[in-house]
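**Student:** File input.cif follows (mmCIF, C-alpha atoms):
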```cif
data_start
#
loop_
_atom_site.label_atom_id
_atom_site.label_comp_id
_atom_site.auth_asym_id
_atom_site.auth_seq_id
_atom_site.Cartn_x
_atom_site.Cartn_y
_atom_site.Cartn_z
CA MET A 1 208.80 67.12 120.61
CA SER A 2 205.73 67.49 118.48
CA GLU A 3 206.41 70.99 117.14
CA HIS A 4 207.85 71.51 113.70
CA ARG A 5 211.54 72.03 114.36
CA SER A 6 213.44 73.08 111.30
CA GLY A 7 212.10 76.69 111.31
CA PRO A 8 212.81 77.55 114.95
CA VAL A 9 216.15 75.75 114.91
CA ARG A 10 217.27 77.56 111.76
CA ASN A 11 216.05 80.85 113.20
CA GLU A 12 217.94 80.32 116.40
CA ALA A 13 221.13 79.51 114.48
CA ALA A 14 220.77 82.70 112.43
CA ARG A 15 220.05 84.75 115.53
CA GLN A 16 223.10 83.34 117.26
CA ALA A 17 225.31 83.97 114.21
CA ILE A 18 224.20 87.61 114.14
CA LEU A 19 224.87 88.07 117.86
CA GLU A 20 228.33 86.53 117.51
CA ALA A 21 229.14 88.62 114.45
CA ALA A 22 228.13 91.78 116.27
CA ALA A 23 230.17 90.84 119.32
CA SER A 24 233.31 90.04 117.33
CA LEU A 25 233.05 93.24 115.26
CA PHE A 26 232.52 95.20 118.45
CA GLU A 27 235.71 93.71 119.94
CA GLU A 28 237.65 94.55 116.79
CA HIS A 29 236.43 98.05 116.02
CA GLY A 30 234.38 99.38 118.91
CA TYR A 31 230.78 100.50 119.04
CA ASP A 32 230.93 103.64 116.96
CA ARG A 33 232.30 101.85 113.89
CA LEU A 34 229.80 98.99 114.07
CA THR A 35 227.29 98.93 111.19
CA MET A 36 224.32 96.72 110.38
CA GLU A 37 225.88 96.11 106.94
CA GLY A 38 229.12 94.89 108.50
CA ILE A 39 227.30 92.61 110.92
CA ALA A 40 225.15 91.14 108.13
CA ALA A 41 228.25 90.43 106.02
CA ARG A 42 230.11 88.78 108.90
CA ALA A 43 227.05 86.65 109.80
CA HIS A 44 226.41 85.67 106.15
CA THR A 45 222.88 86.96 106.33
CA GLY A 46 220.85 89.88 105.03
CA LYS A 47 220.19 93.15 106.83
CA GLN A 48 216.46 92.35 106.67
CA THR A 49 217.07 89.27 108.80
CA ILE A 50 218.75 91.41 111.44
CA TYR A 51 215.89 93.90 111.44
CA ARG A 52 213.42 91.07 112.01
CA TRP A 53 214.77 90.76 115.56
CA TRP A 54 216.45 94.08 116.38
CA ARG A 55 215.25 97.59 115.69
CA SER A 56 218.65 99.22 115.92
CA LYS A 57 222.35 98.68 116.45
CA GLY A 58 221.84 99.69 120.07
CA ASP A 59 219.23 96.96 120.65
CA LEU A 60 221.49 94.34 119.08
CA VAL A 61 224.54 95.33 121.12
CA ALA A 62 222.39 95.42 124.24
CA ASP A 63 221.53 91.77 123.58
CA CYS A 64 225.20 90.88 123.07
CA LEU A 65 225.97 92.43 126.42
CA LEU A 66 223.02 90.84 128.22
CA GLU A 67 223.92 87.42 126.80
CA GLY A 68 227.52 87.75 127.95
CA LEU A 69 229.04 87.87 124.44
CA ILE A 70 230.71 91.25 125.00
CA LEU A 71 233.27 91.97 127.71
CA PRO A 72 232.23 88.97 129.81
CA ASP A 73 235.38 88.88 131.97
CA GLN A 74 235.42 92.56 132.85
CA LEU A 75 231.80 92.45 133.95
CA ILE A 76 232.19 89.66 136.50
CA PRO A 77 233.36 90.84 139.94
CA PRO A 78 236.42 89.03 141.30
CA SER A 79 235.91 86.73 144.25
CA THR A 80 238.85 86.89 146.66
CA GLY A 81 236.85 86.69 149.88
CA ASP A 82 236.96 90.46 150.53
CA VAL A 83 233.71 91.74 149.05
CA ARG A 84 234.49 95.41 149.42
CA ALA A 85 237.89 95.08 147.73
CA ASP A 86 236.35 92.88 145.03
CA LEU A 87 233.62 95.39 144.27
CA ALA A 88 236.17 98.22 144.23
CA VAL A 89 238.19 96.33 141.58
CA TRP A 90 235.02 95.63 139.63
CA LEU A 91 233.81 99.25 139.75
CA GLU A 92 237.23 100.60 138.77
CA ARG A 93 237.32 98.19 135.86
CA ILE A 94 233.89 99.33 134.69
CA PHE A 95 234.75 103.01 135.14
CA GLY A 96 237.97 102.29 133.22
CA LEU A 97 235.89 100.87 130.36
CA LEU A 98 233.88 104.08 130.36
CA GLN A 99 237.10 106.00 129.86
CA ASP A 100 238.04 104.18 126.68
CA SER A 101 236.00 105.16 123.66
CA ARG A 102 234.89 101.57 122.99
CA GLY A 103 233.31 100.98 126.36
CA GLU A 104 231.93 104.45 126.71
CA GLY A 105 229.75 104.22 123.63
CA LEU A 106 228.73 100.74 124.70
CA LEU A 107 227.16 101.58 128.04
CA ARG A 108 225.50 104.70 126.71
CA SER A 109 224.11 102.76 123.76
CA LEU A 110 222.72 100.16 126.12
CA VAL A 111 221.01 102.86 128.17
CA ALA A 112 219.65 104.56 125.05
CA ALA A 113 218.35 101.22 123.76
CA ALA A 114 216.65 100.57 127.11
CA ALA A 115 215.14 104.06 127.13
CA GLY A 116 213.68 103.58 123.67
CA ASN A 117 212.65 99.94 123.83
CA ALA A 118 210.61 98.55 126.72
CA ASP A 119 211.73 94.99 126.03
CA VAL A 120 215.44 95.85 126.27
CA GLY A 121 214.71 97.85 129.41
CA ARG A 122 212.90 94.96 131.06
CA ARG A 123 215.65 92.50 130.21
CA LEU A 124 218.29 94.88 131.50
CA ARG A 125 216.40 95.05 134.73
CA ASN A 126 215.77 91.31 134.95
CA SER A 127 219.44 90.59 134.40
CA LEU A 128 220.11 92.62 137.55
CA TRP A 129 217.57 90.99 139.80
CA ALA A 130 217.85 87.39 138.91
CA ASN A 131 221.05 86.02 137.48
CA SER A 132 223.73 88.65 137.37
CA SER A 133 227.27 87.95 138.48
CA LEU A 134 227.05 90.98 140.77
CA ILE A 135 224.10 89.51 142.68
CA GLU A 136 225.95 86.19 142.94
CA ARG A 137 229.00 87.90 144.43
CA LEU A 138 226.82 89.77 146.93
CA ARG A 139 224.95 86.61 147.86
CA ALA A 140 228.21 84.78 148.56
CA ALA A 141 229.28 87.64 150.85
CA ALA A 142 225.97 87.57 152.73
CA GLU A 143 226.28 83.80 153.20
CA THR A 144 229.77 84.01 154.69
CA GLY A 145 228.72 86.86 156.98
CA GLU A 146 230.86 89.48 155.21
CA LEU A 147 227.71 91.48 154.56
CA PRO A 148 224.80 91.76 157.01
CA ALA A 149 222.32 88.97 156.33
CA ASP A 150 219.45 91.47 156.24
CA LEU A 151 221.02 93.72 153.60
CA PRO A 152 218.60 93.67 150.63
CA LEU A 153 220.91 92.53 147.82
CA PRO A 154 218.76 93.47 144.81
CA GLU A 155 218.67 97.05 146.06
CA VAL A 156 222.44 97.04 146.64
CA SER A 157 222.88 95.93 143.05
CA GLU A 158 220.35 98.50 141.86
CA ALA A 159 222.11 101.34 143.68
CA LEU A 160 225.57 100.34 142.39
CA LEU A 161 224.54 99.84 138.79
CA GLY A 162 222.39 102.96 138.88
CA ALA A 163 225.38 104.98 140.05
CA VAL A 164 227.48 103.51 137.22
CA ILE A 165 224.81 104.52 134.70
CA LEU A 166 224.61 108.06 136.09
CA ARG A 167 228.41 108.41 135.85
CA ALA A 168 228.32 107.12 132.27
CA LEU A 169 225.56 109.58 131.37
CA GLY A 170 227.51 112.40 133.01
CA ARG A 171 230.73 111.47 131.14
CA GLU A 172 232.59 111.70 134.39
CA ALA A 173 235.45 109.52 135.50
CA ALA A 174 235.43 107.96 138.97
CA ASP A 175 238.68 108.05 140.90
CA PRO A 176 239.40 105.37 143.54
CA GLU A 177 238.18 107.75 146.28
CA ALA A 178 234.78 108.11 144.60
CA VAL A 179 234.54 104.33 144.24
CA ASP A 180 235.36 103.99 147.92
CA ARG A 181 232.69 106.52 148.94
CA LEU A 182 230.09 104.78 146.79
CA LEU A 183 230.86 101.45 148.45
CA THR A 184 230.68 103.09 151.86
CA VAL A 185 227.19 104.28 151.05
CA VAL A 186 225.90 101.11 149.46
CA LEU A 187 227.49 98.40 151.59
CA GLY A 188 227.30 100.30 154.85
CA VAL A 189 230.72 98.84 155.78
CA ARG A 190 233.11 101.56 156.97
CA MET B 1 229.06 146.42 130.27
CA SER B 2 230.97 146.98 127.09
CA GLU B 3 229.55 144.08 125.08
CA HIS B 4 226.83 144.64 122.52
CA ARG B 5 223.67 143.70 124.40
CA SER B 6 220.63 143.57 122.20
CA GLY B 7 221.62 140.27 120.49
CA PRO B 8 222.26 138.20 123.62
CA VAL B 9 219.29 139.74 125.44
CA ARG B 10 216.93 139.00 122.57
CA ASN B 11 218.35 135.50 122.26
CA GLU B 12 217.84 134.84 125.93
CA ALA B 13 214.23 136.03 125.72
CA ALA B 14 213.55 133.71 122.78
CA ARG B 15 215.27 130.82 124.53
CA GLN B 16 213.20 131.38 127.64
CA ALA B 17 209.96 131.65 125.63
CA ILE B 18 210.71 128.31 123.97
CA LEU B 19 211.45 126.60 127.30
CA GLU B 20 208.24 127.95 128.81
CA ALA B 21 206.18 126.95 125.77
CA ALA B 22 207.60 123.42 125.93
CA ALA B 23 206.93 123.19 129.67
CA SER B 24 203.33 124.39 129.39
CA LEU B 25 202.57 122.07 126.46
CA PHE B 26 204.13 119.21 128.39
CA GLU B 27 201.86 119.93 131.36
CA GLU B 28 198.80 120.04 129.09
CA HIS B 29 199.41 117.08 126.82
CA GLY B 30 202.32 115.01 128.12
CA TYR B 31 205.61 114.13 126.50
CA ASP B 32 204.45 111.85 123.72
CA ARG B 33 202.14 114.47 122.18
CA LEU B 34 204.72 117.26 122.33
CA THR B 35 205.94 118.41 118.90
CA MET B 36 208.55 120.93 117.80
CA GLU B 37 205.85 122.54 115.62
CA GLY B 38 203.52 122.98 118.58
CA ILE B 39 206.28 124.44 120.73
CA ALA B 40 207.32 126.88 117.99
CA ALA B 41 203.72 128.05 117.56
CA ARG B 42 203.19 128.54 121.31
CA ALA B 43 206.51 130.45 121.62
CA HIS B 44 205.78 132.61 118.54
CA THR B 45 209.01 131.56 116.93
CA GLY B 46 210.19 129.36 114.08
CA LYS B 47 211.25 125.74 114.32
CA GLN B 48 214.69 126.76 113.04
CA THR B 49 215.16 128.94 116.11
CA ILE B 50 214.46 125.94 118.35
CA TYR B 51 216.93 123.78 116.44
CA ARG B 52 219.64 126.44 116.94
CA TRP B 53 219.73 125.47 120.62
CA TRP B 54 218.27 121.97 120.88
CA ARG B 55 218.87 118.96 118.68
CA SER B 56 215.71 117.13 119.65
CA LYS B 57 212.53 117.23 121.68
CA GLY B 58 214.31 115.13 124.29
CA ASP B 59 217.11 117.67 124.69
CA LEU B 60 214.61 120.51 125.04
CA VAL B 61 212.49 118.72 127.63
CA ALA B 62 215.65 117.75 129.51
CA ASP B 63 216.44 121.46 129.80
CA CYS B 64 212.93 122.24 131.03
CA LEU B 65 213.37 119.63 133.73
CA LEU B 66 216.89 120.72 134.69
CA GLU B 67 215.75 124.35 134.92
CA GLY B 68 212.83 123.43 137.16
CA LEU B 69 210.10 124.36 134.65
CA ILE B 70 208.52 120.90 134.63
CA LEU B 71 207.13 119.16 137.71
CA PRO B 72 209.07 121.38 140.15
CA ASP B 73 206.96 120.55 143.20
CA GLN B 74 207.03 116.79 142.79
CA LEU B 75 210.80 116.75 142.42
CA ILE B 76 211.57 118.53 145.70
CA PRO B 77 211.71 116.21 148.72
CA PRO B 78 209.50 117.26 151.64
CA SER B 79 211.22 118.51 154.75
CA THR B 80 209.40 117.38 157.89
CA GLY B 81 212.47 116.64 160.00
CA ASP B 82 212.36 112.87 159.37
CA VAL B 83 214.72 112.37 156.45
CA ARG B 84 213.92 108.72 155.88
CA ALA B 85 210.16 109.36 155.80
CA ASP B 86 210.72 112.42 153.59
CA LEU B 87 212.78 110.49 151.08
CA ALA B 88 210.22 107.66 151.09
CA VAL B 89 207.49 110.18 150.17
CA TRP B 90 209.74 111.70 147.52
CA LEU B 91 210.65 108.33 145.98
CA GLU B 92 207.04 107.13 145.99
CA ARG B 93 206.03 110.36 144.27
CA ILE B 94 208.69 109.88 141.60
CA PHE B 95 207.81 106.22 141.11
CA GLY B 96 204.18 107.31 140.90
CA LEU B 97 205.10 109.73 138.11
CA LEU B 98 206.75 106.84 136.30
CA GLN B 99 203.46 104.98 136.45
CA ASP B 100 201.52 107.69 134.65
CA SER B 101 202.20 107.89 130.96
CA ARG B 102 203.20 111.57 131.11
CA GLY B 103 205.99 111.13 133.62
CA GLU B 104 207.14 107.79 132.27
CA GLY B 105 208.03 109.16 128.85
CA LEU B 106 209.60 112.16 130.54
CA LEU B 107 212.25 110.40 132.58
CA ARG B 108 213.09 107.99 129.80
CA SER B 109 213.40 110.86 127.33
CA LEU B 110 215.75 112.64 129.71
CA VAL B 111 217.91 109.54 129.96
CA ALA B 112 217.88 109.04 126.19
CA ALA B 113 218.82 112.69 125.68
CA ALA B 114 221.68 112.34 128.15
CA ALA B 115 222.87 109.13 126.46
CA GLY B 116 222.95 110.81 123.06
CA ASN B 117 224.20 114.28 124.02
CA ALA B 118 227.27 114.77 126.20
CA ASP B 119 226.19 118.27 127.19
CA VAL B 120 222.80 117.13 128.51
CA GLY B 121 224.55 114.27 130.29
CA ARG B 122 227.02 116.58 132.01
CA ARG B 123 224.33 118.99 133.10
CA LEU B 124 222.18 116.16 134.42
CA ARG B 125 225.15 115.04 136.47
CA ASN B 126 226.06 118.55 137.63
CA SER B 127 222.52 119.17 138.77
CA LEU B 128 222.92 116.19 141.09
CA TRP B 129 226.24 117.13 142.61
CA ALA B 130 225.89 120.80 143.10
CA ASN B 131 222.51 122.33 143.51
CA SER B 132 219.77 119.74 143.58
CA SER B 133 216.99 119.81 146.10
CA LEU B 134 217.84 116.23 147.03
CA ILE B 135 221.38 117.17 148.05
CA GLU B 136 219.98 120.09 150.05
CA ARG B 137 217.60 117.80 151.92
CA LEU B 138 220.43 115.36 152.68
CA ARG B 139 222.73 118.15 153.80
CA ALA B 140 220.09 119.44 156.24
CA ALA B 141 219.75 115.95 157.70
CA ALA B 142 223.53 115.61 158.11
CA GLU B 143 223.66 118.99 159.85
CA THR B 144 220.98 118.08 162.38
CA GLY B 145 222.62 114.71 163.06
CA GLU B 146 219.80 112.70 161.48
CA LEU B 147 222.35 111.20 159.10
CA PRO B 148 225.94 110.32 160.03
CA ALA B 149 228.16 113.36 159.42
CA ASP B 150 230.63 111.21 157.45
CA LEU B 151 228.04 109.85 155.01
CA PRO B 152 229.16 111.02 151.54
CA LEU B 153 226.06 112.85 150.32
CA PRO B 154 226.86 113.09 146.61
CA GLU B 155 227.18 109.30 146.49
CA VAL B 156 223.90 108.89 148.42
CA SER B 157 222.23 111.09 145.83
CA GLU B 158 223.93 109.22 143.01
CA ALA B 159 222.81 105.84 144.32
CA LEU B 160 219.20 106.97 144.83
CA LEU B 161 218.84 108.68 141.48
CA GLY B 162 220.66 105.85 139.74
CA ALA B 163 218.19 103.37 141.21
CA VAL B 164 215.30 105.54 140.03
CA ILE B 165 216.75 105.60 136.50
CA LEU B 166 217.21 101.82 136.48
CA ARG B 167 213.59 101.31 137.58
CA ALA B 168 212.42 103.70 134.87
CA LEU B 169 214.46 101.86 132.24
CA GLY B 170 213.09 98.53 133.50
CA ARG B 171 209.48 99.81 133.35
CA GLU B 172 208.96 98.40 136.81
CA ALA B 173 206.87 99.90 139.56
CA ALA B 174 208.28 100.26 143.06
CA ASP B 175 206.00 99.33 145.94
CA PRO B 176 206.50 100.93 149.37
CA GLU B 177 208.49 97.87 150.51
CA ALA B 178 210.99 98.30 147.66
CA VAL B 179 211.34 102.01 148.50
CA ASP B 180 211.97 101.07 152.10
CA ARG B 181 214.64 98.52 151.16
CA LEU B 182 216.37 101.02 148.89
CA LEU B 183 216.49 103.60 151.70
CA THR B 184 217.84 100.94 154.06
CA VAL B 185 220.70 100.31 151.65
CA VAL B 186 221.49 103.91 150.84
CA LEU B 187 220.98 105.67 154.18
CA GLY B 188 222.25 102.80 156.28
CA VAL B 189 219.52 103.62 158.84
CA ARG B 190 217.62 100.51 159.89
#
```
As structure tokens, please, write out the structure in this file.
**Tutor:**
Amino acid sequence: MSEHRSGPVRNEAARQAILEAAASLFEEHGYDRLTMEGIAARAHTGKQTIYRWWRSKGDLVADCLLEGLILPDQLIPPSTGDVRADLAVWLERIFGLLQDSRGEGLLRSLVAAAAGNADVGRRLRNSLWANSSLIERLRAAAETGELPADLPLPEVSEALLGAVILRALGREAADPEAVDRLLTVVLGVR
Amino acid sequence: MSEHRSGPVRNEAARQAILEAAASLFEEHGYDRLTMEGIAARAHTGKQTIYRWWRSKGDLVADCLLEGLILPDQLIPPSTGDVRADLAVWLERIFGLLQDSRGEGLLRSLVAAAAGNADVGRRLRNSLWANSSLIERLRAAAETGELPADLPLPEVSEALLGAVILRALGREAADPEAVDRLLTVVLGVR
């Protein structure tokens, strides 16, 4: 490579250290008790370095989530061969996260960050269309014939995730019956 | 009534004047140029009075929208007897609003207000479940047999509005084909 490397490489290492510090502090203390000072201390960097890349705590946590550093296991749908049951488990897990104070602040902060920052919003959206674990699970179901081959998967994903966001904004729990009704609507499998 | 009336009545008049001032200034100048000072001047009140009821411009505009003072006509689905065509018109109108700078800031500010304020979030959600014009349009279609009688309408509404919010957060336009795919998913009518 002809480009000068030490700068970008060092930057990327610092950026990664900040993301990992934020993710580990989030796991330990939850969103509400996360501070830029605490993240800077854990990452052995200055607050100014954090603000070079992220405008707010919400933007930074959004990146942790989008890069799979926070809650990665809970956000991947299971894959047992029964897509409707798998998505029910996945939705109940996500709605369960919204019930605990850690997860609740998390999703709302992601939405607030996306509302205030076009770049976060676009990446949130791109993560849905292109490479999300939800789309992968849906694609596998369409390939095995569990879902109609002509079902437009990006819109299925959009409708499911949109409903999750609305529930999070409305601070309302979803019981298993509500999850079942949502899947009836979105998968068209009754 | 035995309660002392002048206080609540005067309060309600002031509250209404503020909502109407905010709505008319929004129509004239758009969301981004709306200020608490301008609203107070138009409503012949003080800024402190506004802050007694609303924490932020976003919260106030959210109330204008939820009370039907902003964009009421665009937000009501047409009712021609063809529910799929009606919802396509309605969605294209909403996505069109998201393309113009006035409407774009509006929906995102509503979402940000709901993310930051549990009360706004709950009312946003309640307006979907109980008395929204979208639910009414869906209910009419279920009654005439245009939609399956067992289709759970609150979840249809949730999926549609959730998809709209995700598109708004992603700053992405929806072409007529995307609207059509979304309706295929959510109405199950192909």
**Student:** May I have the residues of chain A within 8 Å of chain B, counting all atoms listed in the file, written as an MDAnalysis selection string?
**Tutor:** chainID A and resid 108:109 111:112 114:116 118 121:126 151:152 155:156 158:167 169:172 178 181:182 184:188
**Student:** Got a sec to align chain B on chain A by every in-order Cα pair and hand back the fitted coordinates as a compact mmCIF listing (two decimals) with C-alpha atoms, keeping the file's coordinate frame?
**Tutor:**
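Printed below is superposed18.txt as written:
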```txt
# COMPACT_ATOMS: atom_id res chain seq x y z
CA MET B 1 208.48 67.21 120.57
CA SER B 2 205.48 67.59 118.34
CA GLU B 3 206.22 71.07 117.02
CA HIS B 4 207.74 71.57 113.59
CA ARG B 5 211.42 72.06 114.34
CA SER B 6 213.41 73.10 111.34
CA GLY B 7 212.06 76.71 111.30
CA PRO B 8 212.78 77.59 114.94
CA VAL B 9 216.11 75.75 114.90
CA ARG B 10 217.26 77.55 111.76
CA ASN B 11 216.05 80.85 113.17
CA GLU B 12 217.95 80.31 116.38
CA ALA B 13 221.13 79.50 114.45
CA ALA B 14 220.80 82.70 112.41
CA ARG B 15 220.05 84.73 115.52
CA GLN B 16 223.10 83.33 117.25
CA ALA B 17 225.32 83.95 114.20
CA ILE B 18 224.21 87.59 114.14
CA LEU B 19 224.89 88.07 117.86
CA GLU B 20 228.34 86.52 117.53
CA ALA B 21 229.16 88.60 114.44
CA ALA B 22 228.13 91.78 116.27
CA ALA B 23 230.17 90.82 119.34
CA SER B 24 233.32 90.03 117.35
CA LEU B 25 233.07 93.22 115.28
CA PHE B 26 232.53 95.18 118.48
CA GLU B 27 235.70 93.69 119.97
CA GLU B 28 237.67 94.54 116.81
CA HIS B 29 236.44 98.03 116.04
CA GLY B 30 234.37 99.35 118.94
CA TYR B 31 230.77 100.49 119.06
CA ASP B 32 230.94 103.62 116.96
CA ARG B 33 232.33 101.81 113.90
CA LEU B 34 229.83 98.96 114.08
CA THR B 35 227.34 98.91 111.19
CA MET B 36 224.35 96.71 110.39
CA GLU B 37 225.92 96.09 106.96
CA GLY B 38 229.16 94.87 108.51
CA ILE B 39 227.33 92.60 110.93
CA ALA B 40 225.18 91.12 108.15
CA ALA B 41 228.28 90.41 106.04
CA ARG B 42 230.15 88.76 108.93
CA ALA B 43 227.07 86.63 109.82
CA HIS B 44 226.45 85.65 106.17
CA THR B 45 222.93 86.94 106.33
CA GLY B 46 220.90 89.86 105.02
CA LYS B 47 220.24 93.13 106.81
CA GLN B 48 216.52 92.35 106.66
CA THR B 49 217.10 89.26 108.79
CA ILE B 50 218.78 91.40 111.45
CA TYR B 51 215.91 93.89 111.43
CA ARG B 52 213.43 91.04 112.01
CA TRP B 53 214.79 90.75 115.55
CA TRP B 54 216.46 94.06 116.37
CA ARG B 55 215.27 97.58 115.67
CA SER B 56 218.67 99.20 115.93
CA LYS B 57 222.37 98.66 116.46
CA GLY B 58 221.84 99.67 120.08
CA ASP B 59 219.24 96.95 120.65
CA LEU B 60 221.50 94.33 119.08
CA VAL B 61 224.55 95.32 121.12
CA ALA B 62 222.40 95.41 124.25
CA ASP B 63 221.54 91.76 123.59
CA CYS B 64 225.20 90.86 123.08
CA LEU B 65 225.97 92.41 126.44
CA LEU B 66 223.01 90.83 128.24
CA GLU B 67 223.92 87.41 126.82
CA GLY B 68 227.52 87.75 127.97
CA LEU B 69 229.04 87.88 124.46
CA ILE B 70 230.71 91.25 124.99
CA LEU B 71 233.27 91.99 127.70
CA PRO B 72 232.25 88.96 129.82
CA ASP B 73 235.40 88.90 131.95
CA GLN B 74 235.42 92.57 132.85
CA LEU B 75 231.80 92.47 133.96
CA ILE B 76 232.21 89.67 136.51
CA PRO B 77 233.36 90.86 139.94
CA PRO B 78 236.44 89.07 141.30
CA SER B 79 235.94 86.76 144.23
CA THR B 80 238.88 86.93 146.64
CA GLY B 81 236.88 86.73 149.86
CA ASP B 82 236.98 90.49 150.51
CA VAL B 83 233.73 91.76 149.03
CA ARG B 84 234.49 95.44 149.43
CA ALA B 85 237.89 95.12 147.74
CA ASP B 86 236.35 92.92 145.03
CA LEU B 87 233.62 95.41 144.26
CA ALA B 88 236.17 98.25 144.23
CA VAL B 89 238.19 96.36 141.58
CA TRP B 90 235.02 95.64 139.63
CA LEU B 91 233.81 99.26 139.74
CA GLU B 92 237.23 100.63 138.79
CA ARG B 93 237.31 98.22 135.86
CA ILE B 94 233.88 99.36 134.70
CA PHE B 95 234.74 103.03 135.14
CA GLY B 96 237.94 102.32 133.24
CA LEU B 97 235.89 100.88 130.37
CA LEU B 98 233.87 104.09 130.37
CA GLN B 99 237.08 106.02 129.87
CA ASP B 100 238.03 104.18 126.70
CA SER B 101 236.00 105.15 123.69
CA ARG B 102 234.90 101.56 122.99
CA GLY B 103 233.29 100.97 126.36
CA GLU B 104 231.93 104.48 126.71
CA GLY B 105 229.73 104.24 123.63
CA LEU B 106 228.73 100.75 124.70
CA LEU B 107 227.16 101.57 128.04
CA ARG B 108 225.49 104.69 126.74
CA SER B 109 224.09 102.77 123.77
CA LEU B 110 222.70 100.15 126.14
CA VAL B 111 220.99 102.84 128.18
CA ALA B 112 219.63 104.55 125.06
CA ALA B 113 218.34 101.21 123.78
CA ALA B 114 216.65 100.54 127.11
CA ALA B 115 215.12 104.03 127.14
CA GLY B 116 213.66 103.55 123.67
CA ASN B 117 212.65 99.88 123.84
CA ALA B 118 210.60 98.50 126.72
CA ASP B 119 211.75 94.95 126.03
CA VAL B 120 215.45 95.83 126.27
CA GLY B 121 214.68 97.82 129.41
CA ARG B 122 212.90 94.91 131.07
CA ARG B 123 215.65 92.47 130.22
CA LEU B 124 218.31 94.86 131.48
CA ARG B 125 216.41 95.04 134.74
CA ASN B 126 215.78 91.29 134.94
CA SER B 127 219.44 90.58 134.40
CA LEU B 128 220.13 92.60 137.54
CA TRP B 129 217.58 90.99 139.79
CA ALA B 130 217.85 87.40 138.88
CA ASN B 131 221.04 86.05 137.47
CA SER B 132 223.76 88.66 137.35
CA SER B 133 227.27 87.96 138.47
CA LEU B 134 227.06 90.98 140.77
CA ILE B 135 224.11 89.51 142.67
CA GLU B 136 225.98 86.20 142.93
CA ARG B 137 229.02 87.92 144.40
CA LEU B 138 226.85 89.78 146.92
CA ARG B 139 224.97 86.62 147.84
CA ALA B 140 228.25 84.79 148.55
CA ALA B 141 229.33 87.63 150.83
CA ALA B 142 226.01 87.56 152.71
CA GLU B 143 226.33 83.79 153.17
CA THR B 144 229.82 84.01 154.65
CA GLY B 145 228.77 86.85 156.96
CA GLU B 146 230.91 89.46 155.19
CA LEU B 147 227.75 91.47 154.57
CA PRO B 148 224.84 91.75 157.01
CA ALA B 149 222.37 88.93 156.32
CA ASP B 150 219.48 91.43 156.25
CA LEU B 151 221.04 93.69 153.60
CA PRO B 152 218.62 93.64 150.63
CA LEU B 153 220.91 92.53 147.81
CA PRO B 154 218.76 93.46 144.82
CA GLU B 155 218.66 97.05 146.07
CA VAL B 156 222.45 97.03 146.65
CA SER B 157 222.88 95.91 143.06
CA GLU B 158 220.36 98.48 141.86
CA ALA B 159 222.10 101.31 143.68
CA LEU B 160 225.56 100.33 142.40
CA LEU B 161 224.52 99.84 138.80
CA GLY B 162 222.37 102.95 138.90
CA ALA B 163 225.36 104.97 140.06
CA VAL B 164 227.45 103.51 137.24
CA ILE B 165 224.78 104.51 134.70
CA LEU B 166 224.58 108.05 136.10
CA ARG B 167 228.37 108.42 135.86
CA ALA B 168 228.28 107.13 132.29
CA LEU B 169 225.53 109.58 131.37
CA GLY B 170 227.48 112.40 133.04
CA ARG B 171 230.68 111.49 131.14
CA GLU B 172 232.55 111.73 134.40
CA ALA B 173 235.42 109.56 135.51
CA ALA B 174 235.41 107.98 138.96
CA ASP B 175 238.66 108.08 140.91
CA PRO B 176 239.39 105.41 143.54
CA GLU B 177 238.17 107.79 146.28
CA ALA B 178 234.76 108.14 144.61
CA VAL B 179 234.52 104.35 144.25
CA ASP B 180 235.35 104.02 147.92
CA ARG B 181 232.69 106.55 148.94
CA LEU B 182 230.08 104.81 146.80
CA LEU B 183 230.86 101.45 148.44
CA THR B 184 230.67 103.10 151.86
CA VAL B 185 227.16 104.28 151.05
CA VAL B 186 225.90 101.10 149.47
CA LEU B 187 227.52 98.39 151.60
CA GLY B 188 227.31 100.32 154.84
CA VAL B 189 230.75 98.90 155.76
CA ARG B 190 233.10 101.62 156.98
```
**Student:** I'd like the residues picked by the PyMOL selection byres ((chain B and resi 47) around 12) written out as a list of chain:residue names, using the chain letters and numbers from the file.
**Tutor:**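 With the PyMOL selection byres ((chain B and resi 47) around 12) on this model, the match is B:Ala14, B:Ile18, B:Thr35, B:Met36, B:Glu37, B:Gly38, B:Ile39, B:Ala40, B:Ala41, B:Arg42, B:Ala43, B:His44, B:Thr45, B:Gly46, B:Gln48, B:Thr49, B:Ile50, B:Tyr51, B:Arg52, B:Trp53, B:Trp54, B:Arg55, B:Ser56, B:Lys57.
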**Student:** Gln16 (chain A): which residues within 10 Å, counting only C-alpha atoms, same-chain residues fewer than 5 positions away excluded, as a PyMOL selection string?
**Tutor:** chain A and resi 10-11+21-22+43+64
**Student:** What would the selection look like, as an mmCIF file with C-alpha atoms, keeping the file's coordinate frame, if the PyMOL selection byres ((chain A and resi 94-96) around 8) were run on the coordinates I just shared?
**Tutor:**
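Done, and the output landed in part25.cif:
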```cif
data_model
loop_
_atom_site.group_PDB
_atom_site.id
_atom_site.type_symbol
_atom_site.label_atom_id
_atom_site.label_comp_id
_atom_site.auth_asym_id
_atom_site.auth_seq_id
_atom_site.Cartn_x
_atom_site.Cartn_y
_atom_site.Cartn_z
ATOM 1 C CA GLN A 74 235.420 92.560 132.850
ATOM 2 C CA LEU A 75 231.800 92.450 133.950
ATOM 3 C CA TRP A 90 235.020 95.630 139.630
ATOM 4 C CA LEU A 91 233.810 99.250 139.750
ATOM 5 C CA GLU A 92 237.230 100.600 138.770
ATOM 6 C CA ARG A 93 237.320 98.190 135.860
ATOM 7 C CA LEU A 97 235.890 100.870 130.360
ATOM 8 C CA LEU A 98 233.880 104.080 130.360
ATOM 9 C CA GLN A 99 237.100 106.000 129.860
ATOM 10 C CA ASP A 100 238.040 104.180 126.680
ATOM 11 C CA VAL A 164 227.480 103.510 137.220
ATOM 12 C CA ALA A 173 235.450 109.520 135.500
ATOM 13 C CA ALA A 174 235.430 107.960 138.970
#
```
